[in-house]
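Text of run_3.cif (mmCIF, C-alpha atoms) as supplied:
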data_model
#
loop_
_atom_site.group_PDB
_atom_site.id
_atom_site.type_symbol
_atom_site.label_atom_id
_atom_site.label_comp_id
_atom_site.auth_asym_id
_atom_site.auth_seq_id
_atom_site.Cartn_x
_atom_site.Cartn_y
_atom_site.Cartn_z
ATOM 1 C CA MET A 19 -168.422 30.349 -66.166
ATOM 2 C CA THR A 20 -168.459 30.588 -69.955
ATOM 3 C CA LYS A 21 -171.194 32.262 -71.910
ATOM 4 C CA ILE A 22 -173.497 29.699 -73.541
ATOM 5 C CA LEU A 23 -174.848 31.909 -76.327
ATOM 6 C CA THR A 24 -172.022 33.857 -77.882
ATOM 7 C CA ARG A 25 -172.518 36.392 -80.666
ATOM 8 C CA THR A 26 -171.242 33.870 -83.222
ATOM 9 C CA ILE A 27 -173.645 31.164 -82.088
ATOM 10 C CA LEU A 28 -176.604 33.566 -82.193
ATOM 11 C CA LEU A 29 -175.716 34.966 -85.611
ATOM 12 C CA VAL A 30 -175.102 31.602 -87.261
ATOM 13 C CA SER A 31 -178.199 30.137 -85.624
ATOM 14 C CA PHE A 32 -180.472 32.897 -86.923
ATOM 15 C CA VAL A 33 -179.038 32.723 -90.442
ATOM 16 C CA SER A 34 -179.521 28.963 -90.384
ATOM 17 C CA LEU A 35 -183.078 29.350 -89.056
ATOM 18 C CA PHE A 36 -184.123 31.759 -91.810
ATOM 19 C CA THR A 37 -182.487 29.659 -94.515
ATOM 20 C CA ASP A 38 -184.314 26.584 -93.206
ATOM 21 C CA ILE A 39 -187.609 28.498 -93.165
ATOM 22 C CA ALA A 40 -187.089 29.493 -96.805
ATOM 23 C CA SER A 41 -186.275 25.904 -97.738
ATOM 24 C CA GLU A 42 -189.233 24.470 -95.847
ATOM 25 C CA MET A 43 -191.567 26.925 -97.585
ATOM 26 C CA LEU A 44 -190.185 26.082 -101.023
ATOM 27 C CA TYR A 45 -189.618 22.335 -101.075
ATOM 28 C CA PRO A 46 -193.141 21.065 -100.332
ATOM 29 C CA ILE A 47 -194.475 22.889 -103.406
ATOM 30 C CA MET A 48 -191.524 22.070 -105.685
ATOM 31 C CA PRO A 49 -193.007 18.832 -107.100
ATOM 32 C CA VAL A 50 -196.301 20.580 -107.911
ATOM 33 C CA TYR A 51 -194.468 23.460 -109.592
ATOM 34 C CA LEU A 52 -192.187 21.121 -111.534
ATOM 35 C CA ARG A 53 -195.165 19.057 -112.749
ATOM 36 C CA SER A 54 -196.907 22.260 -113.879
ATOM 37 C CA ILE A 55 -193.954 23.238 -116.077
ATOM 38 C CA GLY A 56 -193.737 19.806 -117.653
ATOM 39 C CA PHE A 57 -191.417 17.685 -115.487
ATOM 40 C CA SER A 58 -192.235 13.992 -115.332
ATOM 41 C CA ILE A 59 -192.246 12.205 -111.984
ATOM 42 C CA LEU A 60 -189.120 10.331 -113.061
ATOM 43 C CA LEU A 61 -187.337 13.605 -113.852
ATOM 44 C CA ILE A 62 -188.337 15.046 -110.459
ATOM 45 C CA GLY A 63 -186.885 11.956 -108.763
ATOM 46 C CA ILE A 64 -183.652 12.222 -110.737
ATOM 47 C CA LEU A 65 -183.413 15.932 -109.898
ATOM 48 C CA GLU A 66 -183.802 15.278 -106.172
ATOM 49 C CA GLY A 67 -181.358 12.371 -106.268
ATOM 50 C CA VAL A 68 -178.663 14.381 -108.043
ATOM 51 C CA ALA A 69 -179.216 17.346 -105.728
ATOM 52 C CA GLU A 70 -178.979 15.278 -102.543
ATOM 53 C CA ALA A 71 -175.945 13.367 -103.842
ATOM 54 C CA THR A 72 -174.271 16.708 -104.533
ATOM 55 C CA ALA A 73 -174.969 17.843 -100.975
ATOM 56 C CA GLY A 74 -173.719 14.599 -99.456
ATOM 57 C CA LEU A 75 -170.502 14.434 -101.437
ATOM 58 C CA SER A 76 -169.679 18.104 -101.017
ATOM 59 C CA LYS A 77 -170.197 17.956 -97.223
ATOM 60 C CA GLY A 78 -167.315 15.539 -96.855
ATOM 61 C CA TYR A 79 -165.004 17.336 -99.253
ATOM 62 C CA PHE A 80 -165.589 20.860 -97.980
ATOM 63 C CA GLY A 81 -165.666 19.739 -94.344
ATOM 64 C CA ASN A 82 -162.215 18.244 -94.790
ATOM 65 C CA LEU A 83 -161.012 21.361 -96.637
ATOM 66 C CA SER A 84 -162.375 23.573 -93.852
ATOM 67 C CA ASP A 85 -160.504 21.482 -91.279
ATOM 68 C CA ILE A 86 -157.255 21.620 -93.243
ATOM 69 C CA ARG A 87 -157.410 25.390 -93.723
ATOM 70 C CA GLN A 88 -158.755 26.031 -90.217
ATOM 71 C CA LYS A 89 -161.081 28.634 -91.738
ATOM 72 C CA ARG A 90 -164.825 28.276 -91.238
ATOM 73 C CA VAL A 91 -166.400 31.626 -92.113
ATOM 74 C CA PRO A 92 -165.599 31.689 -95.872
ATOM 75 C CA PHE A 93 -167.207 28.273 -96.315
ATOM 76 C CA ILE A 94 -170.265 29.335 -94.349
ATOM 77 C CA ARG A 95 -170.600 32.584 -96.325
ATOM 78 C CA TRP A 96 -170.262 30.903 -99.704
ATOM 79 C CA GLY A 97 -172.661 28.141 -98.751
ATOM 80 C CA TYR A 98 -175.413 30.453 -97.593
ATOM 81 C CA THR A 99 -174.848 32.819 -100.533
ATOM 82 C CA LEU A 100 -175.212 30.030 -103.086
ATOM 83 C CA SER A 101 -178.383 28.802 -101.404
ATOM 84 C CA ALA A 102 -179.837 32.310 -101.227
ATOM 85 C CA PHE A 103 -179.221 32.945 -104.936
ATOM 86 C CA SER A 104 -180.466 29.561 -106.076
ATOM 87 C CA LYS A 105 -183.937 29.712 -104.506
ATOM 88 C CA PRO A 106 -185.282 32.565 -106.689
ATOM 89 C CA MET A 107 -183.578 30.988 -109.708
ATOM 90 C CA MET A 108 -185.837 27.939 -109.335
ATOM 91 C CA ALA A 109 -188.902 30.159 -109.737
ATOM 92 C CA LEU A 110 -187.484 32.079 -112.696
ATOM 93 C CA PHE A 111 -186.353 29.139 -114.804
ATOM 94 C CA THR A 112 -188.661 26.853 -116.756
ATOM 95 C CA VAL A 113 -186.102 24.863 -118.751
ATOM 96 C CA PRO A 114 -185.267 21.529 -117.046
ATOM 97 C CA VAL A 115 -181.496 21.978 -117.382
ATOM 98 C CA TRP A 116 -181.611 25.326 -115.570
ATOM 99 C CA ILE A 117 -183.907 23.942 -112.876
ATOM 100 C CA PHE A 118 -181.374 21.124 -112.344
ATOM 101 C CA PHE A 119 -178.635 23.753 -112.111
ATOM 102 C CA ALA A 120 -180.518 25.893 -109.567
ATOM 103 C CA ARG A 121 -181.552 22.956 -107.358
ATOM 104 C CA THR A 122 -178.079 21.426 -107.456
ATOM 105 C CA LEU A 123 -176.549 24.823 -106.663
ATOM 106 C CA ASP A 124 -178.772 25.059 -103.576
ATOM 107 C CA ARG A 125 -177.690 21.636 -102.333
ATOM 108 C CA PHE A 126 -174.058 22.383 -103.226
ATOM 109 C CA GLY A 127 -174.301 25.459 -101.000
ATOM 110 C CA LYS A 128 -175.656 23.254 -98.233
ATOM 111 C CA GLY A 129 -172.699 20.903 -98.652
ATOM 112 C CA ILE A 130 -170.200 23.754 -98.500
ATOM 113 C CA ARG A 131 -171.617 25.328 -95.349
ATOM 114 C CA THR A 132 -172.804 22.418 -93.191
ATOM 115 C CA SER A 133 -169.549 20.968 -91.833
ATOM 116 C CA ALA A 134 -167.914 24.368 -91.389
ATOM 117 C CA ARG A 135 -171.028 25.723 -89.635
ATOM 118 C CA ASP A 136 -171.158 22.773 -87.256
ATOM 119 C CA ALA A 137 -167.443 23.114 -86.468
ATOM 120 C CA LEU A 138 -167.827 26.861 -85.882
ATOM 121 C CA LEU A 139 -170.776 26.312 -83.553
ATOM 122 C CA LEU A 140 -168.858 23.689 -81.608
ATOM 123 C CA ALA A 141 -165.807 25.957 -81.372
ATOM 124 C CA GLY A 142 -168.023 28.777 -80.125
ATOM 125 C CA ARG A 143 -169.466 26.520 -77.457
ATOM 126 C CA CYS A 144 -166.181 24.816 -76.551
ATOM 127 C CA PRO A 145 -163.224 27.199 -76.743
ATOM 128 C CA GLU A 146 -161.074 24.571 -75.007
ATOM 129 C CA PRO A 147 -161.567 21.398 -77.087
ATOM 130 C CA ASP A 148 -159.657 19.196 -74.624
ATOM 131 C CA LYS A 149 -162.384 19.468 -71.990
ATOM 132 C CA VAL A 150 -164.481 16.361 -71.415
ATOM 133 C CA GLU A 151 -167.766 18.203 -72.179
ATOM 134 C CA CYS A 152 -166.434 19.327 -75.559
ATOM 135 C CA ARG A 153 -165.297 15.863 -76.521
ATOM 136 C CA ARG A 154 -168.729 14.550 -75.572
ATOM 137 C CA ALA A 155 -170.454 17.264 -77.637
ATOM 138 C CA SER A 156 -168.376 16.578 -80.749
ATOM 139 C CA ARG A 157 -169.128 12.840 -80.766
ATOM 140 C CA PRO A 158 -171.875 11.670 -83.140
ATOM 141 C CA ARG A 159 -175.113 10.735 -81.407
ATOM 142 C CA GLU A 160 -176.421 7.198 -81.568
#
Structure translated into structure tokens:
Amino acid sequence: MTKILTRTILLVSFVSLFTDIASEMLYPIMPVYLRSIGFSILLIGILEGVAEATAGLSKGYFGNLSDIRQKRVPFIRWGYTLSAFSKPMMALFTVPVWIFFARTLDRFGKGIRTSARDALLLAGRCPEPDKVECRRASRPRE
């Protein structure tokens, strides 16, 4: 019988949990903060659109790169590091260009880490990827 919760799964899960907590605490108040420093509603929408597009595009690119190199941990480390540095930057900056930079950096970090993290978690759960259970777990849900 294989262990369900390996050290890797626990560590990555807790890092992901705390990063998500930080994001969930920050993002509901972001529009209010941005309005208070002079952002228009249009500019807030553009900021969020650019940030989410950055995350979406970088997920595919860095996921593919992680698969090619067969290395997951460097992508996960860089992704979480960029996100951790960008959150305080959003509070420190008041110039729109720097706010765009910090928010986009956060989403870029998310794009770098997401695919590699998911692959690492699946590999930790399924050391033998040819098993039927592992193939079922790696399929997208409908």
When you count all atoms listed in the file, which of these residues is closest to Gly74 of chain A: A:Thr122, A:Ser101, A:Thr24, A:Ser54?
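Closest to Gly74 of chain A, using all atoms listed in the file: A:Thr122.
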Skipping near chain neighbours, those fewer than 4 positions away, what residues fall within 7 Å of Arg121 of chain A using all atoms listed in the file, listed as number ranges by chain?
A: 69, 104, 108, 117, 125
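Closest approach to Thr132 of chain A among A:Ile64, A:Leu23, A:Val30, A:Ile55 is made by A:Val30 (distances from only C-alpha atoms).
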To one decimal place in Å, what is the distance between atom CA of Lys89 of chain A and atom CA of Phe103 of chain A?
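These atoms are spaced 22.8 Å apart.
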Would you translate the PyMOL selection byres ((chain A and resi 93) around 9) into the concrete set of residues it matches in this file, as a list in words?
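Here the PyMOL selection byres ((chain A and resi 93) around 9) matches Phe80, Gly81, Ser84, Lys89, Arg90, Val91, Pro92, Ile94, Arg95, Trp96, Gly97, Tyr98, Gly127, Ile130, Arg131, Thr132, Ser133, Ala134 and Arg135 of chain A.
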Keeping C-alpha atoms for every residue in the selection just given, could you write it to a file as a PDB file, keeping the file's coordinate frame?
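Output file part_36.pdb follows:
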ATOM      1  CA  PHE A  80    -165.589  20.860 -97.980  1.00  0.00           C
ATOM      2  CA  GLY A  81    -165.666  19.739 -94.344  1.00  0.00           C
ATOM      3  CA  SER A  84    -162.375  23.573 -93.852  1.00  0.00           C
ATOM      4  CA  LYS A  89    -161.081  28.634 -91.738  1.00  0.00           C
ATOM      5  CA  ARG A  90    -164.825  28.276 -91.238  1.00  0.00           C
ATOM      6  CA  VAL A  91    -166.400  31.626 -92.113  1.00  0.00           C
ATOM      7  CA  PRO A  92    -165.599  31.689 -95.872  1.00  0.00           C
ATOM      8  CA  ILE A  94    -170.265  29.335 -94.349  1.00  0.00           C
ATOM      9  CA  ARG A  95    -170.600  32.584 -96.325  1.00  0.00           C
ATOM     10  CA  TRP A  96    -170.262  30.903 -99.704  1.00  0.00           C
ATOM     11  CA  GLY A  97    -172.661  28.141 -98.751  1.00  0.00           C
ATOM     12  CA  TYR A  98    -175.413  30.453 -97.593  1.00  0.00           C
ATOM     13  CA  GLY A 127    -174.301  25.459-101.000  1.00  0.00           C
ATOM     14  CA  ILE A 130    -170.200  23.754 -98.500  1.00  0.00           C
ATOM     15  CA  ARG A 131    -171.617  25.328 -95.349  1.00  0.00           C
ATOM     16  CA  THR A 132    -172.804  22.418 -93.191  1.00  0.00           C
ATOM     17  CA  SER A 133    -169.549  20.968 -91.833  1.00  0.00           C
ATOM     18  CA  ALA A 134    -167.914  24.368 -91.389  1.00  0.00           C
ATOM     19  CA  ARG A 135    -171.028  25.723 -89.635  1.00  0.00           C
TER      20      ARG A 135
END
Name all residues at most 12 Å from Leu44 of chain A (count only C-alpha atoms; drop same-chain ones fewer than 2 positions away) and give them as a PDB file with C-alpha atoms, keeping the file's coordinate frame.
ATOM      1  CA  THR A  37    -182.487  29.659 -94.515  1.00  0.00           C
ATOM      2  CA  ASP A  38    -184.314  26.584 -93.206  1.00  0.00           C
ATOM      3  CA  ILE A  39    -187.609  28.498 -93.165  1.00  0.00           C
ATOM      4  CA  ALA A  40    -187.089  29.493 -96.805  1.00  0.00           C
ATOM      5  CA  SER A  41    -186.275  25.904 -97.738  1.00  0.00           C
ATOM      6  CA  GLU A  42    -189.233  24.470 -95.847  1.00  0.00           C
ATOM      7  CA  PRO A  46    -193.141  21.065-100.332  1.00  0.00           C
ATOM      8  CA  ILE A  47    -194.475  22.889-103.406  1.00  0.00           C
ATOM      9  CA  MET A  48    -191.524  22.070-105.685  1.00  0.00           C
ATOM     10  CA  PRO A  49    -193.007  18.832-107.100  1.00  0.00           C
ATOM     11  CA  VAL A  50    -196.301  20.580-107.911  1.00  0.00           C
ATOM     12  CA  TYR A  51    -194.468  23.460-109.592  1.00  0.00           C
ATOM     13  CA  LEU A  52    -192.187  21.121-111.534  1.00  0.00           C
ATOM     14  CA  SER A 104    -180.466  29.561-106.076  1.00  0.00           C
ATOM     15  CA  LYS A 105    -183.937  29.712-104.506  1.00  0.00           C
ATOM     16  CA  PRO A 106    -185.282  32.565-106.689  1.00  0.00           C
ATOM     17  CA  MET A 107    -183.578  30.988-109.708  1.00  0.00           C
ATOM     18  CA  MET A 108    -185.837  27.939-109.335  1.00  0.00           C
ATOM     19  CA  ALA A 109    -188.902  30.159-109.737  1.00  0.00           C
ATOM     20  CA  ARG A 121    -181.552  22.956-107.358  1.00  0.00           C
ATOM     21  CA  ASP A 124    -178.772  25.059-103.576  1.00  0.00           C
TER      22      ASP A 124
END
Which residues are close to Phe126 of chain A, i.e. within 7 Å by all atoms listed in the file, leaving aside same-chain residues fewer than 6 positions away? Reply as a list in words.
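Answer for this query is Thr72, Ala73 and Ser76 of chain A.
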Keeping C-alpha atoms, export the residues of the selection given above as an mmCIF file, in the coordinates of the input.
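File again_30.cif, as written:
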data_model
loop_
_atom_site.group_PDB
_atom_site.id
_atom_site.type_symbol
_atom_site.label_atom_id
_atom_site.label_comp_id
_atom_site.auth_asym_id
_atom_site.auth_seq_id
_atom_site.Cartn_x
_atom_site.Cartn_y
_atom_site.Cartn_z
ATOM 1 C CA THR A 72 -174.271 16.708 -104.533
ATOM 2 C CA ALA A 73 -174.969 17.843 -100.975
ATOM 3 C CA SER A 76 -169.679 18.104 -101.017
#
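Here atom CA of Leu60 of chain A is placed at a distance of 14.6 Å from atom CA of Val115 of chain A.
Taking atom CA of Gly142 of chain A and atom CA of Leu123 of chain A as the two end points, the separation is 28.2 Å.
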Please rebuild segment 66-98 of chain A with N, CA and C atoms and return the result as a CSV table (one decimal), in the coordinates of the input.
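In the end it all went to rebuild.csv:
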chain,number,residue,atom,x,y,z
A,66,GLU,N,-184.0,15.3,-107.6
A,66,GLU,CA,-183.8,15.3,-106.2
A,66,GLU,C,-182.6,14.4,-105.8
A,67,GLY,N,-182.5,13.3,-106.5
A,67,GLY,CA,-181.4,12.4,-106.3
A,67,GLY,C,-180.0,13.0,-106.6
A,68,VAL,N,-179.9,13.7,-107.7
A,68,VAL,CA,-178.7,14.4,-108.0
A,68,VAL,C,-178.4,15.5,-107.0
A,69,ALA,N,-179.4,16.2,-106.7
A,69,ALA,CA,-179.2,17.3,-105.7
A,69,ALA,C,-178.7,16.8,-104.4
A,70,GLU,N,-179.4,15.8,-103.9
A,70,GLU,CA,-179.0,15.3,-102.5
A,70,GLU,C,-177.6,14.6,-102.6
A,71,ALA,N,-177.3,14.0,-103.7
A,71,ALA,CA,-175.9,13.4,-103.8
A,71,ALA,C,-174.9,14.5,-103.9
A,72,THR,N,-175.2,15.6,-104.5
A,72,THR,CA,-174.3,16.7,-104.5
A,72,THR,C,-174.0,17.2,-103.1
A,73,ALA,N,-175.1,17.4,-102.4
A,73,ALA,CA,-175.0,17.8,-101.0
A,73,ALA,C,-174.1,16.9,-100.1
A,74,GLY,N,-174.4,15.6,-100.3
A,74,GLY,CA,-173.7,14.6,-99.5
A,74,GLY,C,-172.2,14.5,-99.8
A,75,LEU,N,-171.9,14.5,-101.0
A,75,LEU,CA,-170.5,14.4,-101.4
A,75,LEU,C,-169.7,15.7,-101.1
A,76,SER,N,-170.4,16.8,-101.3
A,76,SER,CA,-169.7,18.1,-101.0
A,76,SER,C,-169.5,18.4,-99.5
A,77,LYS,N,-170.4,17.8,-98.7
A,77,LYS,CA,-170.2,18.0,-97.2
A,77,LYS,C,-168.9,17.4,-96.8
A,78,GLY,N,-168.6,16.2,-97.2
A,78,GLY,CA,-167.3,15.5,-96.9
A,78,GLY,C,-166.1,16.3,-97.4
A,79,TYR,N,-166.2,16.7,-98.6
A,79,TYR,CA,-165.0,17.3,-99.3
A,79,TYR,C,-164.8,18.7,-98.6
A,80,PHE,N,-165.8,19.5,-98.5
A,80,PHE,CA,-165.6,20.9,-98.0
A,80,PHE,C,-165.4,20.9,-96.5
A,81,GLY,N,-165.9,19.9,-95.8
A,81,GLY,CA,-165.7,19.7,-94.3
A,81,GLY,C,-164.2,19.5,-94.1
A,82,ASN,N,-163.6,18.6,-94.9
A,82,ASN,CA,-162.2,18.2,-94.8
A,82,ASN,C,-161.4,19.5,-95.1
A,83,LEU,N,-161.7,20.2,-96.2
A,83,LEU,CA,-161.0,21.4,-96.6
A,83,LEU,C,-161.1,22.4,-95.6
A,84,SER,N,-162.2,22.6,-94.9
A,84,SER,CA,-162.4,23.6,-93.9
A,84,SER,C,-161.5,23.2,-92.7
A,85,ASP,N,-161.4,21.9,-92.4
A,85,ASP,CA,-160.5,21.5,-91.3
A,85,ASP,C,-159.0,21.7,-91.6
A,86,ILE,N,-158.7,21.4,-92.8
A,86,ILE,CA,-157.3,21.6,-93.2
A,86,ILE,C,-156.9,23.1,-93.2
A,87,ARG,N,-157.7,24.0,-93.7
A,87,ARG,CA,-157.4,25.4,-93.7
A,87,ARG,C,-157.7,26.1,-92.4
A,88,GLN,N,-158.4,25.4,-91.5
A,88,GLN,CA,-158.8,26.0,-90.2
A,88,GLN,C,-159.5,27.4,-90.4
A,89,LYS,N,-160.2,27.5,-91.5
A,89,LYS,CA,-161.1,28.6,-91.7
A,89,LYS,C,-162.5,28.1,-91.9
A,90,ARG,N,-163.4,28.7,-91.2
A,90,ARG,CA,-164.8,28.3,-91.2
A,90,ARG,C,-165.7,29.3,-91.9
A,91,VAL,N,-165.5,30.6,-91.7
A,91,VAL,CA,-166.4,31.6,-92.1
A,91,VAL,C,-166.5,31.7,-93.6
A,92,PRO,N,-165.4,31.6,-94.4
A,92,PRO,CA,-165.6,31.7,-95.9
A,92,PRO,C,-166.5,30.6,-96.4
A,93,PHE,N,-166.4,29.4,-95.9
A,93,PHE,CA,-167.2,28.3,-96.3
A,93,PHE,C,-168.7,28.5,-96.0
A,94,ILE,N,-168.9,29.0,-94.8
A,94,ILE,CA,-170.3,29.3,-94.3
A,94,ILE,C,-170.9,30.4,-95.2
A,95,ARG,N,-170.1,31.5,-95.5
A,95,ARG,CA,-170.6,32.6,-96.3
A,95,ARG,C,-170.9,32.1,-97.7
A,96,TRP,N,-170.0,31.4,-98.3
A,96,TRP,CA,-170.3,30.9,-99.7
A,96,TRP,C,-171.5,30.0,-99.8
A,97,GLY,N,-171.6,29.1,-98.8
A,97,GLY,CA,-172.7,28.1,-98.8
A,97,GLY,C,-174.0,28.8,-98.7
A,98,TYR,N,-174.1,29.8,-97.7
A,98,TYR,CA,-175.4,30.5,-97.6
A,98,TYR,C,-175.7,31.4,-98.8
